[in-house]
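Okay, structure first, notes after.
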Number of protein chains: 2
Amino acid sequence: MADDVFKALADPTRRRILDELVERDGQTLFEICARLVTKHGLGLSRQAVSQHLAVLESAGLVHVRRQGRYRFHDLDTGPLEHIAARWLTPDRPESTP
Amino acid sequence: MADDVFKALADPTRRRILDELVERDGQTLFEICARLVTKHGLGLSRQAVSQHLAVLESAGLVHVRRQGRYRFHDLDTGPLEHIAARWLTPDRPESTP
DNA sequence: ACGATAGGCAAGTGACGGCTTGCCCATCAA
DNA sequence: TTGATGGGCAAGCCGTCACTTGCCTATCGT
């Protein structure tokens, strides 16, 4: 379960996609693709973004809401909240400044 | 900077190493290697663990303190604390239950 | 000094991941 | 109904990554 989240966060492009979704929720594939190209200068194809979204979806970080011929992608930050808590035990001095 | 942290956390074995270090700090290479084999049944060589520790060190998650012919590895949870904060903005409903 | 312990440095291999290409399906406007 | 739009599927290419193997260095005990 959490393994998929770490694997999903391992790629920089996927993290950029999360950045775009946290800025505006419910974007479609072409919107995300256009934003990555224009704002970040990334030259990647539509299928590349589609595969990245599939990885993010299987990790539970993105939920897809289809409507007609559109697929709107919504960010879910739930799996992110307790990711690092595994090593941030309260009895460690680093985690309690 | 944070890219190295995500890359370091991408591997399951490296996350196991962090689990061992959070349980007891200052372990040596052979200790970590023996723990991974006995407790988790992982059959990996000494160099594999050494390379994993190098990745964790370059990510700032592990600090090495050498003393004689020993290398003690100390966990540093600092880079872990604000990893997910990038997407956990306070105005999102998911992050404020 | 000698052997044993703790670790390092390559080079090589196999597999997985990211990306592309090409073709196909579904939905909407005209 | 036709064409255009939004997206999916499958195969293939190539790079990176995890891991091994072999040999080498340094430190400690006796």
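Residues in the structure tokens are named by chain (A, B, ... in the order shown) and by number from 1 within that chain; ligands are numbered from 1 in the order shown.
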
Per residue of chain B within 9 Å of chain A, record the nearest atom pair and its distance in Å to one decimal, counting only C-alpha atoms, with rows in chain order and ascending residue number, as a tab-separated table.
```
residue	atom	partner	partner_atom	distance
B:Asp3	CA	A:Pro12	CA	7.3
B:Val5	CA	A:Ala10	CA	8.9
B:Phe6	CA	A:Ala10	CA	5.2
B:Lys7	CA	A:Ala10	CA	5.3
B:Ala8	CA	A:Ala10	CA	8.4
B:Leu9	CA	A:Phe6	CA	6.5
B:Ala10	CA	A:Phe6	CA	5.3
B:Asp11	CA	A:Lys7	CA	7.9
B:Pro12	CA	A:Asp3	CA	7.3
B:Leu18	CA	A:Trp87	CA	7.2
B:Asp19	CA	A:Trp87	CA	6.8
B:Val22	CA	A:Trp87	CA	6.3
B:Asp76	CA	A:Glu94	CA	7.3
B:Thr77	CA	A:Glu94	CA	6.4
B:Gly78	CA	A:Glu94	CA	6.6
B:Leu80	CA	A:Ala84	CA	5.9
B:Glu81	CA	A:Ala84	CA	6.8
B:His82	CA	A:Ala84	CA	8.9
B:Ile83	CA	A:Ala84	CA	7.9
B:Ala84	CA	A:Leu80	CA	6.0
B:Ala85	CA	A:Glu81	CA	8.4
B:Arg86	CA	A:Asp19	CA	8.0
B:Trp87	CA	A:Val22	CA	6.3
B:Leu88	CA	A:Thr77	CA	6.7
B:Thr89	CA	A:Val22	CA	8.1
B:Arg92	CA	A:Val22	CA	8.4
B:Glu94	CA	A:Thr77	CA	6.3
B:Ser95	CA	A:Thr77	CA	7.1
```

Quick one: which residues from chain B are at most 8 Å off chain D, using only C-alpha atoms (C1' of nucleotides), as a list in words? Leu44, Ser45, Ala48, Gly68 and Arg69 of chain B

Where in range 59-96 of chain A does DSSP assign helix (DSSP H, G or I), given as a list in words?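 Checking each residue of range 59-96 of chain A, the helix (DSSP H, G or I) ones are Gly78, Pro79, Leu80, Glu81, Ala84, Ala85, Arg86, Pro93, Glu94 and Ser95 of chain A.
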
Pull out every residue of chain C that has at least one atom within 10 Å of chain B, counting only C-alpha atoms (C1' of nucleotides), and report them as a VMD selection string. chain C and resid 5 to 8

If you run DSSP on this backbone, which residues of chain B come out as strand (DSSP E), and could you give them as a list in words? Val62, His63, Val64, Arg65, Arg66, Gln67, Tyr70, Arg71, Phe72, His73, Asp74 and Leu75 of chain B

Next, write the just-selected residues to a file, as a PDB file, in the first residue's frame, keeping N, CA and C atoms as the atom set.
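Writing the result to result.pdb gives the following:
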```
ATOM      1  N   VAL B  62      21.096   9.606   6.579  1.00  0.00           N
ATOM      2  CA  VAL B  62      21.999   8.842   7.442  1.00  0.00           C
ATOM      3  C   VAL B  62      23.337   9.571   7.512  1.00  0.00           C
ATOM      4  N   HIS B  63      23.829   9.728   8.696  1.00  0.00           N
ATOM      5  CA  HIS B  63      25.151  10.318   8.886  1.00  0.00           C
ATOM      6  C   HIS B  63      26.113   9.249   9.383  1.00  0.00           C
ATOM      7  N   VAL B  64      27.323   9.287   8.850  1.00  0.00           N
ATOM      8  CA  VAL B  64      28.307   8.272   9.182  1.00  0.00           C
ATOM      9  C   VAL B  64      29.319   8.854  10.165  1.00  0.00           C
ATOM     10  N   ARG B  65      29.609   8.090  11.183  1.00  0.00           N
ATOM     11  CA  ARG B  65      30.555   8.508  12.223  1.00  0.00           C
ATOM     12  C   ARG B  65      31.597   7.403  12.357  1.00  0.00           C
ATOM     13  N   ARG B  66      32.771   7.646  11.768  1.00  0.00           N
ATOM     14  CA  ARG B  66      33.770   6.582  11.781  1.00  0.00           C
ATOM     15  C   ARG B  66      34.633   6.648  13.014  1.00  0.00           C
ATOM     16  N   GLN B  67      35.018   5.476  13.456  1.00  0.00           N
ATOM     17  CA  GLN B  67      35.790   5.364  14.688  1.00  0.00           C
ATOM     18  C   GLN B  67      36.619   4.100  14.559  1.00  0.00           C
ATOM     19  N   TYR B  70      35.596   0.962  12.391  1.00  0.00           N
ATOM     20  CA  TYR B  70      34.137   0.848  12.370  1.00  0.00           C
ATOM     21  C   TYR B  70      33.510   2.085  11.749  1.00  0.00           C
ATOM     22  N   ARG B  71      32.353   1.879  11.147  1.00  0.00           N
ATOM     23  CA  ARG B  71      31.550   2.993  10.624  1.00  0.00           C
ATOM     24  C   ARG B  71      30.166   2.899  11.240  1.00  0.00           C
ATOM     25  N   PHE B  72      29.869   3.798  12.118  1.00  0.00           N
ATOM     26  CA  PHE B  72      28.565   3.788  12.765  1.00  0.00           C
ATOM     27  C   PHE B  72      27.610   4.691  11.998  1.00  0.00           C
ATOM     28  N   HIS B  73      26.421   4.212  11.764  1.00  0.00           N
ATOM     29  CA  HIS B  73      25.439   4.941  10.959  1.00  0.00           C
ATOM     30  C   HIS B  73      24.339   5.470  11.868  1.00  0.00           C
ATOM     31  N   ASP B  74      24.138   6.785  11.800  1.00  0.00           N
ATOM     32  CA  ASP B  74      23.121   7.435  12.616  1.00  0.00           C
ATOM     33  C   ASP B  74      22.014   7.964  11.715  1.00  0.00           C
ATOM     34  N   LEU B  75      20.799   7.737  12.140  1.00  0.00           N
ATOM     35  CA  LEU B  75      19.638   8.198  11.379  1.00  0.00           C
ATOM     36  C   LEU B  75      19.407   9.686  11.602  1.00  0.00           C
TER      37      LEU B  75
END
```
